[in-house]
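File shown: upload38.pdb. Contents: PDB, C-alpha atoms.
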ATOM      1  CA  MET A   1       0.000   0.000   0.000
ATOM      2  CA  LYS A   2       2.893   2.355   0.744
ATOM      3  CA  HIS A   3       4.239   1.891  -2.777
ATOM      4  CA  PHE A   4       0.761   2.398  -4.241
ATOM      5  CA  TYR A   5       0.482   5.795  -2.558
ATOM      6  CA  THR A   6       3.986   6.683  -3.757
ATOM      7  CA  ILE A   7       2.749   6.235  -7.321
ATOM      8  CA  ILE A   8      -0.289   8.376  -6.504
ATOM      9  CA  LEU A   9       1.935  11.174  -5.238
ATOM     10  CA  LEU A  10       4.058  11.014  -8.372
ATOM     11  CA  PHE A  11       1.031  11.308 -10.643
ATOM     12  CA  SER A  12      -0.791  13.912  -8.575
ATOM     13  CA  THR A  13       2.227  16.166  -8.119
ATOM     14  CA  VAL A  14       2.888  16.140 -11.835
ATOM     15  CA  TYR A  15      -0.759  16.931 -12.507
ATOM     16  CA  ILE A  16      -0.669  19.990 -10.283
ATOM     17  CA  PHE A  17       2.779  21.280 -11.250
ATOM     18  CA  ALA A  18       2.988  20.186 -14.907
ATOM     19  CA  GLN A  19       5.719  21.987 -16.813
ATOM     20  CA  LYS A  20       6.487  22.406 -20.493
ATOM     21  CA  ASN A  21       9.931  20.841 -20.054
ATOM     22  CA  TYR A  22       8.499  17.429 -19.201
ATOM     23  CA  GLU A  23      10.320  14.718 -21.161
ATOM     24  CA  PRO A  24       8.681  11.316 -21.633
ATOM     25  CA  GLU A  25      10.516   8.019 -21.592
ATOM     26  CA  ASN A  26      10.553   6.004 -24.815
ATOM     27  CA  ILE A  27       9.563   2.458 -25.670
ATOM     28  CA  THR A  28      10.334   0.216 -28.628
ATOM     29  CA  TRP A  29       7.454  -1.965 -29.786
ATOM     30  CA  ASN A  30       7.863  -4.228 -32.838
ATOM     31  CA  GLY A  31      11.019  -2.351 -33.810
ATOM     32  CA  THR A  32       9.466   1.143 -33.699
ATOM     33  CA  THR A  33      10.213   3.620 -30.894
ATOM     34  CA  TYR A  34       7.460   5.764 -29.371
ATOM     35  CA  PRO A  35       7.176   8.348 -26.557
ATOM     36  CA  TYR A  36       6.095   6.616 -23.346
ATOM     37  CA  ARG A  37       4.569   8.246 -20.274
ATOM     38  CA  TYR A  38       4.898   5.545 -17.647
ATOM     39  CA  HIS A  39       7.914   5.734 -15.364
ATOM     40  CA  HIS A  40       8.671   2.216 -14.195
ATOM     41  CA  MET A  41      12.184   2.972 -12.957
ATOM     42  CA  GLU A  42      10.830   5.177 -10.178
ATOM     43  CA  GLN A  43       9.618   2.064  -8.378
ATOM     44  CA  TYR A  44      13.094   0.555  -8.728
ATOM     45  CA  PHE A  45      14.840   3.681  -7.430
ATOM     46  CA  ARG A  46      12.585   3.817  -4.390
ATOM     47  CA  TYR A  47      13.702   0.335  -3.445
ATOM     48  CA  TYR A  48      17.334   1.076  -4.348
ATOM     49  CA  PRO A  49      17.833   4.840  -3.838
ATOM     50  CA  GLU A  50      21.611   4.471  -4.007
ATOM     51  CA  LYS A  51      21.264   3.430  -7.666
ATOM     52  CA  ARG A  52      19.398   6.556  -8.761
ATOM     53  CA  PRO A  53      21.692   8.007 -11.463
ATOM     54  CA  VAL A  54      21.249  11.659 -10.435
ATOM     55  CA  PRO A  55      19.422  13.307  -7.529
ATOM     56  CA  ASN A  56      15.980  14.585  -8.435
ATOM     57  CA  ILE A  57      15.052  18.125  -7.457
ATOM     58  CA  ASP A  58      11.773  17.003  -5.929
ATOM     59  CA  THR A  59       9.504  13.953  -5.998
ATOM     60  CA  THR A  60       7.946  14.633  -9.412
ATOM     61  CA  ILE A  61       8.621  12.742 -12.622
ATOM     62  CA  VAL A  62       9.026  16.106 -14.355
ATOM     63  CA  ASN A  63      12.318  16.569 -12.500
ATOM     64  CA  ARG A  64      13.524  12.971 -12.424
ATOM     65  CA  ASN A  65      16.600  14.019 -14.505
ATOM     66  CA  TYR A  66      16.868  10.913 -16.670
ATOM     67  CA  ILE A  67      15.211   9.271 -19.664
ATOM     68  CA  ALA A  68      14.647   5.520 -19.664
ATOM     69  CA  SER A  69      14.442   3.495 -22.870
ATOM     70  CA  PHE A  70      12.187   0.453 -22.637
ATOM     71  CA  GLU A  71      11.494  -2.321 -25.118
ATOM     72  CA  VAL A  72       8.938  -5.072 -25.482
ATOM     73  CA  LYS A  73      10.667  -8.055 -27.044
ATOM     74  CA  ASP A  74       9.721 -11.735 -27.126
ATOM     75  CA  ASN A  75       6.693 -10.867 -24.969
ATOM     76  CA  LYS A  76       8.888  -9.524 -22.165
ATOM     77  CA  PHE A  77       9.390  -6.009 -20.800
ATOM     78  CA  PHE A  78      12.989  -4.742 -20.758
ATOM     79  CA  LEU A  79      15.018  -1.664 -19.907
ATOM     80  CA  ASN A  80      17.460  -1.083 -22.779
ATOM     81  CA  ASN A  81      19.175   2.080 -21.586
ATOM     82  CA  ILE A  82      18.973   5.091 -19.313
ATOM     83  CA  HIS A  83      20.431   8.501 -20.145
ATOM     84  CA  ILE A  84      21.275  11.589 -18.127
ATOM     85  CA  THR A  85      22.659  14.995 -19.067
ATOM     86  CA  GLY A  86      26.264  14.928 -20.277
ATOM     87  CA  ARG A  87      28.367  17.830 -21.517
ATOM     88  CA  ASN A  88      25.420  19.485 -23.210
ATOM     89  CA  PRO A  89      23.011  20.537 -20.422
ATOM     90  CA  LYS A  90      20.117  20.631 -22.890
ATOM     91  CA  VAL A  91      20.383  16.989 -23.960
ATOM     92  CA  LYS A  92      20.233  13.730 -22.020
ATOM     93  CA  ASP A  93      22.740  11.706 -24.036
ATOM     94  CA  LEU A  94      25.061  10.162 -21.431
ATOM     95  CA  SER A  95      24.291   6.487 -20.816
ATOM     96  CA  VAL A  96      24.517   5.239 -17.216
ATOM     97  CA  PHE A  97      22.976   1.860 -17.941
ATOM     98  CA  ALA A  98      26.155   0.005 -16.942
ATOM     99  CA  GLU A  99      25.781   1.360 -13.406
ATOM    100  CA  LEU A 100      22.447  -0.450 -13.091
ATOM    101  CA  ASN A 101      23.298  -3.616 -14.961
ATOM    102  CA  ASP A 102      26.814  -5.023 -15.199
ATOM    103  CA  LYS A 103      25.703  -7.469 -17.881
ATOM    104  CA  ASN A 104      25.914  -6.296 -21.471
ATOM    105  CA  GLU A 105      22.260  -7.046 -22.163
ATOM    106  CA  PRO A 106      18.797  -5.517 -21.601
ATOM    107  CA  LEU A 107      17.464  -5.641 -18.044
ATOM    108  CA  PHE A 108      14.284  -7.692 -17.617
ATOM    109  CA  LEU A 109      11.808  -5.709 -15.487
ATOM    110  CA  SER A 110      10.085  -8.437 -13.518
ATOM    111  CA  TRP A 111       8.383  -5.955 -11.161
ATOM    112  CA  VAL A 112       6.274  -4.250 -13.855
ATOM    113  CA  ASN A 113       2.558  -5.006 -13.545
ATOM    114  CA  GLY A 114      -0.538  -3.321 -14.901
ATOM    115  CA  LEU A 115      -2.218  -1.867 -17.964
ATOM    116  CA  PHE A 116      -0.329   0.631 -20.109
ATOM    117  CA  ASP A 117      -0.785   2.393 -23.430
ATOM    118  CA  ILE A 118       1.352   3.616 -26.311
ATOM    119  CA  GLY A 119       0.110   6.380 -28.596
ATOM    120  CA  LEU A 120       0.526   5.864 -32.341
ATOM    121  CA  GLY A 121       0.939   8.655 -34.866
ATOM    122  CA  THR A 122       1.114  12.413 -34.388
ATOM    123  CA  GLU A 123       0.805  13.885 -30.897
ATOM    124  CA  LYS A 124      -1.928  16.458 -30.341
ATOM    125  CA  PHE A 125      -2.026  18.474 -27.122
ATOM    126  CA  ILE A 126      -4.931  20.311 -25.568
ATOM    127  CA  LYS A 127      -4.220  23.682 -23.948
ATOM    128  CA  VAL A 128      -5.013  22.627 -20.388
ATOM    129  CA  ASP A 129      -2.804  19.521 -20.368
ATOM    130  CA  SER A 130       0.821  19.454 -21.550
ATOM    131  CA  LEU A 131       1.449  15.919 -20.263
ATOM    132  CA  ALA A 132      -1.288  13.848 -21.890
ATOM    133  CA  PRO A 133      -1.318  14.134 -25.692
ATOM    134  CA  ILE A 134      -4.073  12.722 -27.872
ATOM    135  CA  TYR A 135      -3.364  10.209 -30.644
ATOM    136  CA  ASP A 136      -5.435   8.730 -33.445
ATOM    137  CA  ASP A 137      -4.601   5.163 -32.364
ATOM    138  CA  TYR A 138      -3.273   3.370 -29.291
ATOM    139  CA  ILE A 139      -1.783   0.063 -28.239
ATOM    140  CA  VAL A 140      -3.060  -1.037 -24.826
ATOM    141  CA  PHE A 141      -1.178  -3.906 -23.238
ATOM    142  CA  GLU A 142      -1.219  -5.881 -20.027
ATOM    143  CA  VAL A 143       1.948  -6.759 -18.092
ATOM    144  CA  LYS A 144       2.219  -9.319 -15.299
ATOM    145  CA  LYS A 145       5.615  -9.626 -13.614
ATOM    146  CA  GLY A 146       7.315  -8.321 -16.737
ATOM    147  CA  ILE A 147       5.516 -10.700 -19.107
ATOM    148  CA  ILE A 148       3.262  -9.214 -21.782
ATOM    149  CA  GLY A 149      -0.288 -10.519 -21.648
ATOM    150  CA  ARG A 150      -3.224  -9.443 -23.723
ATOM    151  CA  THR A 151      -2.766  -6.537 -26.139
ATOM    152  CA  GLU A 152      -5.369  -4.530 -28.024
ATOM    153  CA  GLN A 153      -5.233  -1.710 -30.555
ATOM    154  CA  PHE A 154      -7.810   1.061 -30.203
ATOM    155  CA  THR A 155      -8.738   4.190 -32.085
ATOM    156  CA  TYR A 156      -9.066   7.322 -29.953
ATOM    157  CA  ASN A 157     -12.842   6.891 -29.717
ATOM    158  CA  GLN A 158     -12.553   3.193 -28.871
ATOM    159  CA  LEU A 159     -10.043   3.919 -26.125
ATOM    160  CA  LYS A 160     -12.325   6.604 -24.716
ATOM    161  CA  LEU A 161     -15.196   4.105 -24.543
ATOM    162  CA  PHE A 162     -12.896   1.569 -22.888
ATOM    163  CA  LYS A 163     -11.710   4.129 -20.320
ATOM    164  CA  ASP A 164     -15.294   5.250 -19.681
ATOM    165  CA  TYR A 165     -16.250   1.644 -18.945
ATOM    166  CA  GLN A 166     -13.230   1.066 -16.701
ATOM    167  CA  TYR A 167     -13.858   4.332 -14.860
ATOM    168  CA  LYS A 168     -17.534   3.547 -14.291
ATOM    169  CA  ARG A 169     -16.661   0.207 -12.704
ATOM    170  CA  PHE A 170     -13.745   1.566 -10.682
ATOM    171  CA  LYS A 171     -15.771   4.526  -9.381
ATOM    172  CA  GLU A 172     -18.120   2.112  -7.619
ATOM    173  CA  SER A 173     -15.284   0.514  -5.636
ATOM    174  CA  GLU A 174     -14.024   1.302  -2.157
ATOM    175  CA  GLU A 175     -10.554   1.661  -3.661
ATOM    176  CA  TYR A 176     -11.758   4.657  -5.694
ATOM    177  CA  LYS A 177     -13.029   6.393  -2.554
ATOM    178  CA  LYS A 178      -9.732   5.851  -0.739
ATOM    179  CA  LEU A 179      -7.777   7.062  -3.754
ATOM    180  CA  THR A 180      -9.750  10.279  -4.246
ATOM    181  CA  ARG A 181      -9.558  11.075  -0.521
ATOM    182  CA  ARG A 182      -5.789  10.705  -0.723
ATOM    183  CA  LEU A 183      -5.547  12.916  -3.812
ATOM    184  CA  ILE A 184      -7.664  15.628  -2.189
ATOM    185  CA  TYR A 185      -5.524  15.399   0.951
ATOM    186  CA  ASN A 186      -2.468  16.038  -1.246
ATOM    187  CA  GLY A 187      -3.872  19.238  -2.708
ATOM    188  CA  MET A 188      -6.349  18.435  -5.471
ATOM    189  CA  THR A 189      -9.915  19.648  -5.604
ATOM    190  CA  GLU A 190     -12.626  17.013  -5.873
ATOM    191  CA  GLY A 191     -12.985  17.744  -9.596
ATOM    192  CA  GLU A 192      -9.236  17.573 -10.210
ATOM    193  CA  ALA A 193      -9.029  14.254  -8.373
ATOM    194  CA  ALA A 194     -11.835  12.752 -10.459
ATOM    195  CA  LEU A 195     -10.229  13.982 -13.700
ATOM    196  CA  HIS A 196      -6.833  12.650 -12.640
ATOM    197  CA  VAL A 197      -8.233   9.182 -11.905
ATOM    198  CA  TYR A 198      -9.998   9.150 -15.263
ATOM    199  CA  GLN A 199      -6.825  10.145 -17.124
ATOM    200  CA  PHE A 200      -4.837   7.356 -15.447
ATOM    201  CA  ILE A 201      -7.661   4.832 -15.277
ATOM    202  CA  LEU A 202      -5.655   2.186 -17.130
ATOM    203  CA  PHE A 203      -3.145   2.220 -14.283
ATOM    204  CA  TYR A 204      -5.664   2.370 -11.466
ATOM    205  CA  SER A 205      -7.978  -0.281 -12.943
ATOM    206  CA  LYS A 206      -5.148  -2.662 -13.813
ATOM    207  CA  SER A 207      -6.946  -5.588 -12.170
ATOM    208  CA  ASN A 208     -10.042  -4.996 -14.309
ATOM    209  CA  PHE A 209      -8.799  -5.620 -17.837
ATOM    210  CA  LEU A 210     -11.665  -6.589 -20.101
ATOM    211  CA  LYS A 211     -11.735 -10.315 -20.712
ATOM    212  CA  LYS A 212     -12.396 -11.890 -24.081
ATOM    213  CA  ASN A 213     -15.864 -13.245 -24.605
TER     214      ASN A 213
END
How does the structure come out when it is put into structure tokens?
Amino acid sequence: MKHFYTIILLFSTVYIFAQKNYEPENITWNGTTYPYRYHHMEQYFRYYPEKRPVPNIDTTIVNRNYIASFEVKDNKFFLNNIHITGRNPKVKDLSVFAELNDKNEPLFLSWVNGLFDIGLGTEKFIKVDSLAPIYDDYIVFEVKKGIIGRTEQFTYNQLKLFKDYQYKRFKESEEYKKLTRRLIYNGMTEGEAALHVYQFILFYSKSNFLKKN
């Protein structure tokens, strides 16, 4: 439960203090690399703080000071690299992957669990949200202990219907009430908390993936 609330604080703090200099991670899926807005290494660095490549200014993912490169390969979830700022302060191009993994191979992320999405095509941003772009199509995939489970491809409208359904079910749960109380306690209004949960409903409803008929 402590780790669950840590993730909440990461998401909620970013929501409140979103900045234009936010840099997403990236993920390679079927040989193509896409921007990726889930930050799996934060869980790792909270268990092993001495391995964090650079100190972060605060607890937000906006100021995490690194970019992780993930890959889905052979139905497994890997970390391929992690970069920090080198000589050029404007670019994160210095690899520190060897400090995390002394083997010359991708690192299998066995702790990753949940539902995640990858946007396909051109990013479109709305004025009130610089962190959550809109895409024409999405890949939604399930991960259990680093192993890829069911995957689906949705259009924007299909994903919205899916999220609406997930949100409706999750909103009726006791977990939703506890989550929104925690978000409000950490500075959100009731409306902001509800919007935040909806935006990240794939993460919060990870145990409620739609099953095939």
For atom CA of Tyr165 of chain A and atom CA of Val140 of chain A, the interatomic separation in Å (one decimal): 14.7 Å
Protein/DNA/RNA residues near (-5.8, 2.8, -21.7), cut 8 Å, only C-alpha atoms, as a PyMOL selection string: chain A and resi 115-117+140+159+162-163+200-203
Atom-to-atom span, atom CA of Asn81 of chain A and atom CA of Lys51 of chain A, Å: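 A separation of 14.1 Å between them.
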Residues returned when the PyMOL selection byres ((chain A and resi 52-57) around 9) runs on this file, as a ChimeraX atom specification: /A:42,44-46,48-51,58-61,63-66,82-84,96,99-100
Step by step, work through what the PyMOL selection byres ((chain A and resi 35) around 10) selects in the shown file, and finish by giving those residues as a compact mmCIF listing (two decimals) with C-alpha atoms, in the frame of the given file.
# COMPACT_ATOMS: atom_id res chain seq x y z
CA GLU A 23 10.32 14.72 -21.16
CA PRO A 24 8.68 11.32 -21.63
CA GLU A 25 10.52 8.02 -21.59
CA ASN A 26 10.55 6.00 -24.82
CA ILE A 27 9.56 2.46 -25.67
CA THR A 28 10.33 0.22 -28.63
CA THR A 33 10.21 3.62 -30.89
CA TYR A 34 7.46 5.76 -29.37
CA TYR A 36 6.10 6.62 -23.35
CA ARG A 37 4.57 8.25 -20.27
CA TYR A 38 4.90 5.54 -17.65
CA SER A 69 14.44 3.50 -22.87
CA ILE A 118 1.35 3.62 -26.31
CA GLY A 119 0.11 6.38 -28.60
CA LEU A 120 0.53 5.86 -32.34
CA GLU A 123 0.80 13.88 -30.90
Pick from A:Leu195, A:Met188, A:Met41, A:Leu109, whichever lies nearest to Gly146 of chain A using only C-alpha atoms: A:Leu109
Selection under test: the PyMOL selection byres ((chain A and resi 113) around 9); residues as a list in words: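 After applying the PyMOL selection byres ((chain A and resi 113) around 9), what remains is Ser110, Trp111, Val112, Gly114, Leu115, Glu142, Val143, Lys144, Lys145, Gly146, Ile147 and Lys206 of chain A.
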Atom CA of Ser205 of chain A to atom CA of Phe77 of chain A, straight-line distance in Å: 19.9 Å
Grab segment 86-144 of chain A from that structure and dump C-alpha atoms to a file, as a PDB file, in the first residue's frame.
ATOM      1  CA  GLY A  86      26.264  14.928 -20.277  1.00  0.00           C
ATOM      2  CA  ARG A  87      28.367  17.830 -21.517  1.00  0.00           C
ATOM      3  CA  ASN A  88      25.420  19.485 -23.210  1.00  0.00           C
ATOM      4  CA  PRO A  89      23.011  20.537 -20.422  1.00  0.00           C
ATOM      5  CA  LYS A  90      20.117  20.631 -22.890  1.00  0.00           C
ATOM      6  CA  VAL A  91      20.383  16.989 -23.960  1.00  0.00           C
ATOM      7  CA  LYS A  92      20.233  13.730 -22.020  1.00  0.00           C
ATOM      8  CA  ASP A  93      22.740  11.706 -24.036  1.00  0.00           C
ATOM      9  CA  LEU A  94      25.061  10.162 -21.431  1.00  0.00           C
ATOM     10  CA  SER A  95      24.291   6.487 -20.816  1.00  0.00           C
ATOM     11  CA  VAL A  96      24.517   5.239 -17.216  1.00  0.00           C
ATOM     12  CA  PHE A  97      22.976   1.860 -17.941  1.00  0.00           C
ATOM     13  CA  ALA A  98      26.155   0.005 -16.942  1.00  0.00           C
ATOM     14  CA  GLU A  99      25.781   1.360 -13.406  1.00  0.00           C
ATOM     15  CA  LEU A 100      22.447  -0.450 -13.091  1.00  0.00           C
ATOM     16  CA  ASN A 101      23.298  -3.616 -14.961  1.00  0.00           C
ATOM     17  CA  ASP A 102      26.814  -5.023 -15.199  1.00  0.00           C
ATOM     18  CA  LYS A 103      25.703  -7.469 -17.881  1.00  0.00           C
ATOM     19  CA  ASN A 104      25.914  -6.296 -21.471  1.00  0.00           C
ATOM     20  CA  GLU A 105      22.260  -7.046 -22.163  1.00  0.00           C
ATOM     21  CA  PRO A 106      18.797  -5.517 -21.601  1.00  0.00           C
ATOM     22  CA  LEU A 107      17.464  -5.641 -18.044  1.00  0.00           C
ATOM     23  CA  PHE A 108      14.284  -7.692 -17.617  1.00  0.00           C
ATOM     24  CA  LEU A 109      11.808  -5.709 -15.487  1.00  0.00           C
ATOM     25  CA  SER A 110      10.085  -8.437 -13.518  1.00  0.00           C
ATOM     26  CA  TRP A 111       8.383  -5.955 -11.161  1.00  0.00           C
ATOM     27  CA  VAL A 112       6.274  -4.250 -13.855  1.00  0.00           C
ATOM     28  CA  ASN A 113       2.558  -5.006 -13.545  1.00  0.00           C
ATOM     29  CA  GLY A 114      -0.538  -3.321 -14.901  1.00  0.00           C
ATOM     30  CA  LEU A 115      -2.218  -1.867 -17.964  1.00  0.00           C
ATOM     31  CA  PHE A 116      -0.329   0.631 -20.109  1.00  0.00           C
ATOM     32  CA  ASP A 117      -0.785   2.393 -23.430  1.00  0.00           C
ATOM     33  CA  ILE A 118       1.352   3.616 -26.311  1.00  0.00           C
ATOM     34  CA  GLY A 119       0.110   6.380 -28.596  1.00  0.00           C
ATOM     35  CA  LEU A 120       0.526   5.864 -32.341  1.00  0.00           C
ATOM     36  CA  GLY A 121       0.939   8.655 -34.866  1.00  0.00           C
ATOM     37  CA  THR A 122       1.114  12.413 -34.388  1.00  0.00           C
ATOM     38  CA  GLU A 123       0.805  13.885 -30.897  1.00  0.00           C
ATOM     39  CA  LYS A 124      -1.928  16.458 -30.341  1.00  0.00           C
ATOM     40  CA  PHE A 125      -2.026  18.474 -27.122  1.00  0.00           C
ATOM     41  CA  ILE A 126      -4.931  20.311 -25.568  1.00  0.00           C
ATOM     42  CA  LYS A 127      -4.220  23.682 -23.948  1.00  0.00           C
ATOM     43  CA  VAL A 128      -5.013  22.627 -20.388  1.00  0.00           C
ATOM     44  CA  ASP A 129      -2.804  19.521 -20.368  1.00  0.00           C
ATOM     45  CA  SER A 130       0.821  19.454 -21.550  1.00  0.00           C
ATOM     46  CA  LEU A 131       1.449  15.919 -20.263  1.00  0.00           C
ATOM     47  CA  ALA A 132      -1.288  13.848 -21.890  1.00  0.00           C
ATOM     48  CA  PRO A 133      -1.318  14.134 -25.692  1.00  0.00           C
ATOM     49  CA  ILE A 134      -4.073  12.722 -27.872  1.00  0.00           C
ATOM     50  CA  TYR A 135      -3.364  10.209 -30.644  1.00  0.00           C
ATOM     51  CA  ASP A 136      -5.435   8.730 -33.445  1.00  0.00           C
ATOM     52  CA  ASP A 137      -4.601   5.163 -32.364  1.00  0.00           C
ATOM     53  CA  TYR A 138      -3.273   3.370 -29.291  1.00  0.00           C
ATOM     54  CA  ILE A 139      -1.783   0.063 -28.239  1.00  0.00           C
ATOM     55  CA  VAL A 140      -3.060  -1.037 -24.826  1.00  0.00           C
ATOM     56  CA  PHE A 141      -1.178  -3.906 -23.238  1.00  0.00           C
ATOM     57  CA  GLU A 142      -1.219  -5.881 -20.027  1.00  0.00           C
ATOM     58  CA  VAL A 143       1.948  -6.759 -18.092  1.00  0.00           C
ATOM     59  CA  LYS A 144       2.219  -9.319 -15.299  1.00  0.00           C
TER      60      LYS A 144
END
